[in-house]
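Reading through the structure tokens given below for one structure.
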Amino acid sequence: MTRSTVSGAAAASRSRRSRALGRLIFLGPGLTYLIVLLLIPLALVLSYTLFRRGRFGGVVYEATGENFTRLFDPLYLDVILSSLRLATIATVIALLVGYPTAYLIAMLPRKWKTVALVAIVLPFWTNFLVRIYAWIVLLSGPGLVNSTLGELGLGPFEFLYNQGTIVTGLVYSYLPLMVLPLYAAIEKLDPQLREASANLGARPARTFVSVTLPLTLPGVVTGCLFVFVPSFGNFIIPELLGGGRSIMVGNLIRDQFLKARDWPFGSTLALALIAVLIVLLLLQAWSARRA
Amino acid sequence: MRRPRLLYVPFWATYLFLYAPIAVLVFMSFNSGDSPYSFEGFSLKWYGELAGNAEIRHGLVNTLVVALGSTILATVLGTLLAVGMARHSRSKLLDAVSVLPAVLPDLVLAIGLLVFYGMIKMTLGLHSVLLAHTVFGMAFVAAVVRTRLTHADTSLEEASRDLGAGPVTTFLRITLPQLTPGIAAGALLAFTLSVDEFVIAFFTAAPTEPTLPIVIYSMVRFGVTPEINALATLLLAVSFTVVIVAQRMTRLTESLS
């Protein structure tokens, strides 16, 4: 054995050891934290879906499938379907409002672009409850909208506590999350493509449908996902703007945990919520791969 | 490319929609009357009432304790994790787990932690919220720092290793200084998210130790008072300042680098 291979082997073993040490130091603490406070809690929720509720809350470890059959009880199924519907309507409205806005922002001069974008995200960084509260002040019985209408001899109307107000609240809260990915997608678009389409005689509407929209589709999908996901699982907006009844699946989950004390069924509802979101994420991954 | 005139209608409608409710809220906070709806005259009386509200002060202190504690914890754990993922691991699974808290619906994380705390029989308090906020704070710090790491030059780190420095020395002397702007941005993000976070805090806080969003929630549920308007205005002012300062800071660091 020559000296150089000996020191080479020693160096190799040292570097192997230092790599193992590096893994332990850098990955160890964070990974441990994620396992204990994320993966174990999620696994617990998942396992609870298979058990029965205790008589005074808590869980009896006795396998059952009744939590899943209960999901299809019309009482709960209706709530799940109505959350799907409300979240979908909010997403579509946010897209219809957000797309032209993002499009115009992308075409502004550089300086105004930044201002316009900051102005879009600014409300999003302010307290969520405060923004919901602002709508209560605006729309409630003696609120500003009604008193203005009253001057004109109209009303008063009951604006609050219906599904329309819930949708308004959802759009208001998550619109920035629609505009940002749309903007990113539109901004990347090569203007020459649109010009080429126009030069070849396409009308603006045709150019939009055949060139702009397909090329910005990944942004559309991401934006829709960003609005739909927090809307679907929301329980604050339906509670504060929808009148406190269990209208959306988020309220139902909250009630199962904090009021009815039926943790297994609450967990099953949460699993249903996650299942819907996973399907959507897969759809997004599929559309991103195609693009 | 010409800007289509017609687009200005939805454009301005969007900004009107976003800012009109906020503007009304701020305006009404200076009302001298008792009604949060009809403006009677200018006054700062509701700000005075606010300053004397012990419940709100208690919530504010709790929120700051939670946000500060979880930010420190999340920054340390998230930075280490980011370096570990970028330099010491190629695991796709780990990548997925590290972003999970950021994409998981807050309600699901909230019930998971509630169930977990119940299982290990931990009493709820501020510490339970702090630990919970660290979970998503860490995910955001790790994501921000990691983007910075993938753009960073690795040749300096390699040179440091070749000269015999161990992973810790290399990290402290070479990697960390390069990462400072990313770490600061991640920490700011974790702090802001924690201050505003309601759902997870609602599930994991003790009833006697509410955070500020929980206090606001119970006030809003109870009814509309001009005092909430004043509080909302102050919160708006703080977050607007933070966002604008952060915006300026990133532009400054961008122009420096």
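Residue numbering restarts at 1 in every chain; chains get A, B, ... in the order shown in the structure tokens, and ligands count up from 1 in that same order.
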Name all residues at most 7 Å from stretch 205-216 of chain A (count only C-alpha atoms; drop same-chain ones fewer than 4 positions away) and give them as a compact mmCIF listing (two decimals) with N, CA and C atoms, in the first residue's frame.
# COMPACT_ATOMS: atom_id res chain seq x y z
N ALA A 185 -48.10 34.55 -15.39
CA ALA A 185 -48.25 33.82 -16.66
C ALA A 185 -48.36 34.80 -17.84
N ILE A 186 -49.11 35.87 -17.66
CA ILE A 186 -49.34 36.82 -18.76
C ILE A 186 -48.07 37.60 -19.06
N ARG A 194 -48.83 37.59 -30.02
CA ARG A 194 -50.12 38.25 -30.21
C ARG A 194 -50.09 39.14 -31.47
N SER A 197 -50.39 36.98 -34.50
CA SER A 197 -51.79 36.57 -34.67
C SER A 197 -52.61 37.71 -35.27
N ALA A 198 -52.37 38.94 -34.77
CA ALA A 198 -53.12 40.09 -35.29
C ALA A 198 -52.74 40.36 -36.74
N VAL A 220 -53.86 30.23 -15.05
CA VAL A 220 -55.29 30.16 -14.73
C VAL A 220 -55.56 29.03 -13.74
**Contacts of B:Leu172 within 12 Å, only C-alpha atoms, excl. fewer than 5 positions in-chain, as a VMD selection string** = chain B and resid 79 to 80 83 157 160 165 to 167 177 to 180
**Request:** Return as a PyMOL selection string the full set of residues in stretch 48-261 of chain A whose backbone-based DSSP assignment is helix (DSSP H, G or I).
**Result:** chain A and resi 48+66-71+74-107+110-121+123-125+128-139+144-151+163-188+191-199+204-215+217-232+236-242+249-258
**Request:** For stretch 124-128 of chain B, work out the shell of residues within 12 Å, counting only C-alpha atoms and skipping chain neighbours fewer than 5 positions away, then give it as a PyMOL selection string.
**Result:** (chain A and resi 37) or (chain B and resi 58-59+61-70+110+113-118+133-135+200-211)
**Item:** Within 7 Å of chain B: residues of chain A, using only C-alpha atoms, as a VMD selection string
**Value:** chain A and resid 18 22 to 23 26 to 27 29 to 30 34 37 41 to 42 45 97 100 to 101 104 107 122 125 to 127 129 to 130 133 to 135 137 to 138 142 to 144 172 191 230 233 240 270
**Neighbour list for B:Leu189 as an MDAnalysis selection string, cut-off 9 Å, only C-alpha atoms, skip fewer than 4 positions in-chain** = chainID B and resid 71 137 140:141 184:185 193:194
**Asked** Which residues come within 8 Å of A:Leu139, counting only C-alpha atoms, excluding same-chain residues fewer than 5 positions away, as a list in words?
**Response**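 In the requested form, the answer reads Leu144, Val145, Asn146, Phe159 and Leu160 of chain A.
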**Request:** Would you kindly return, as a list in words, each protein, DNA or RNA residue with an atom no farther than 7 Å from any atom of A:Gly219, considering only C-alpha atoms and excluding same-chain residues fewer than 4 positions away?
**Result:** Pro181, Leu182, Ala185 and Gly223 of chain A
Output C-alpha atoms for every residue in the selection just made, as a PDB file, in the first residue's frame.
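part_8.pdb was written with the following content:
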ATOM      1  CA  PRO A 181     -50.194  33.712 -10.775  1.00  0.00           C
ATOM      2  CA  LEU A 182     -52.246  35.120 -13.658  1.00  0.00           C
ATOM      3  CA  ALA A 185     -48.248  33.823 -16.664  1.00  0.00           C
ATOM      4  CA  GLY A 223     -54.875  30.892  -9.618  1.00  0.00           C
TER       5      GLY A 223
END
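Nearest to A:Ile80 of all the residues A:Ala285, A:Ala275, A:Leu189, A:Leu269 is A:Leu269, based on only C-alpha atoms.
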**Item:** Surrounding residues of A:Ala116 excluding itself and chain neighbours under 4 positions, 7 Å, only C-alpha atoms, as a list in words
**Value:**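 Listing them by chain and then by number gives Ile105, Trp112 and Ile120 of chain A.
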I need the chosen residues saved as a PDB file, in the first residue's frame, with N, CA and C atoms.
ATOM      1  N   ILE A 105     -52.299  44.897 -15.791  1.00  0.00           N
ATOM      2  CA  ILE A 105     -51.107  45.155 -14.968  1.00  0.00           C
ATOM      3  C   ILE A 105     -49.850  44.738 -15.747  1.00  0.00           C
ATOM      4  N   TRP A 112     -45.281  51.558 -12.867  1.00  0.00           N
ATOM      5  CA  TRP A 112     -46.663  51.427 -12.395  1.00  0.00           C
ATOM      6  C   TRP A 112     -47.030  49.984 -12.106  1.00  0.00           C
ATOM      7  N   ILE A 120     -52.294  45.256  -5.059  1.00  0.00           N
ATOM      8  CA  ILE A 120     -53.115  44.041  -5.062  1.00  0.00           C
ATOM      9  C   ILE A 120     -52.852  43.190  -3.824  1.00  0.00           C
TER      10      ILE A 120
END
**Request:** Apply DSSP to the backbone of this structure and, from stretch 49-183 of chain A, keep only the residues in strand (DSSP E or B); write these as a ChimeraX atom specification.
**Result:** /A:52-53,55,57,59-60
Could you turn the residues from that selection into a file that holds N, CA and C atoms, as a JSON list (two decimals), in the first residue's frame?
[["chain", "number", "residue", "atom", "x", "y", "z"],
["A", 52, "ARG", "N", -64.84, 4.76, 16.59],
["A", 52, "ARG", "CA", -66.11, 5.26, 17.09],
["A", 52, "ARG", "C", -65.87, 6.39, 18.08],
["A", 53, "ARG", "N", -66.82, 7.29, 18.19],
["A", 53, "ARG", "CA", -66.69, 8.35, 19.18],
["A", 53, "ARG", "C", -67.01, 7.80, 20.57],
["A", 55, "ARG", "N", -68.55, 8.24, 24.46],
["A", 55, "ARG", "CA", -69.83, 8.83, 24.86],
["A", 55, "ARG", "C", -69.67, 10.28, 25.31],
["A", 57, "GLY", "N", -67.20, 12.45, 24.26],
["A", 57, "GLY", "CA", -66.10, 12.94, 23.45],
["A", 57, "GLY", "C", -64.97, 11.93, 23.46],
["A", 59, "VAL", "N", -62.24, 9.17, 21.87],
["A", 59, "VAL", "CA", -62.35, 8.12, 20.86],
["A", 59, "VAL", "C", -62.36, 6.75, 21.52],
["A", 60, "VAL", "N", -63.22, 5.89, 21.04],
["A", 60, "VAL", "CA", -63.20, 4.49, 21.46],
["A", 60, "VAL", "C", -62.54, 3.70, 20.35]]
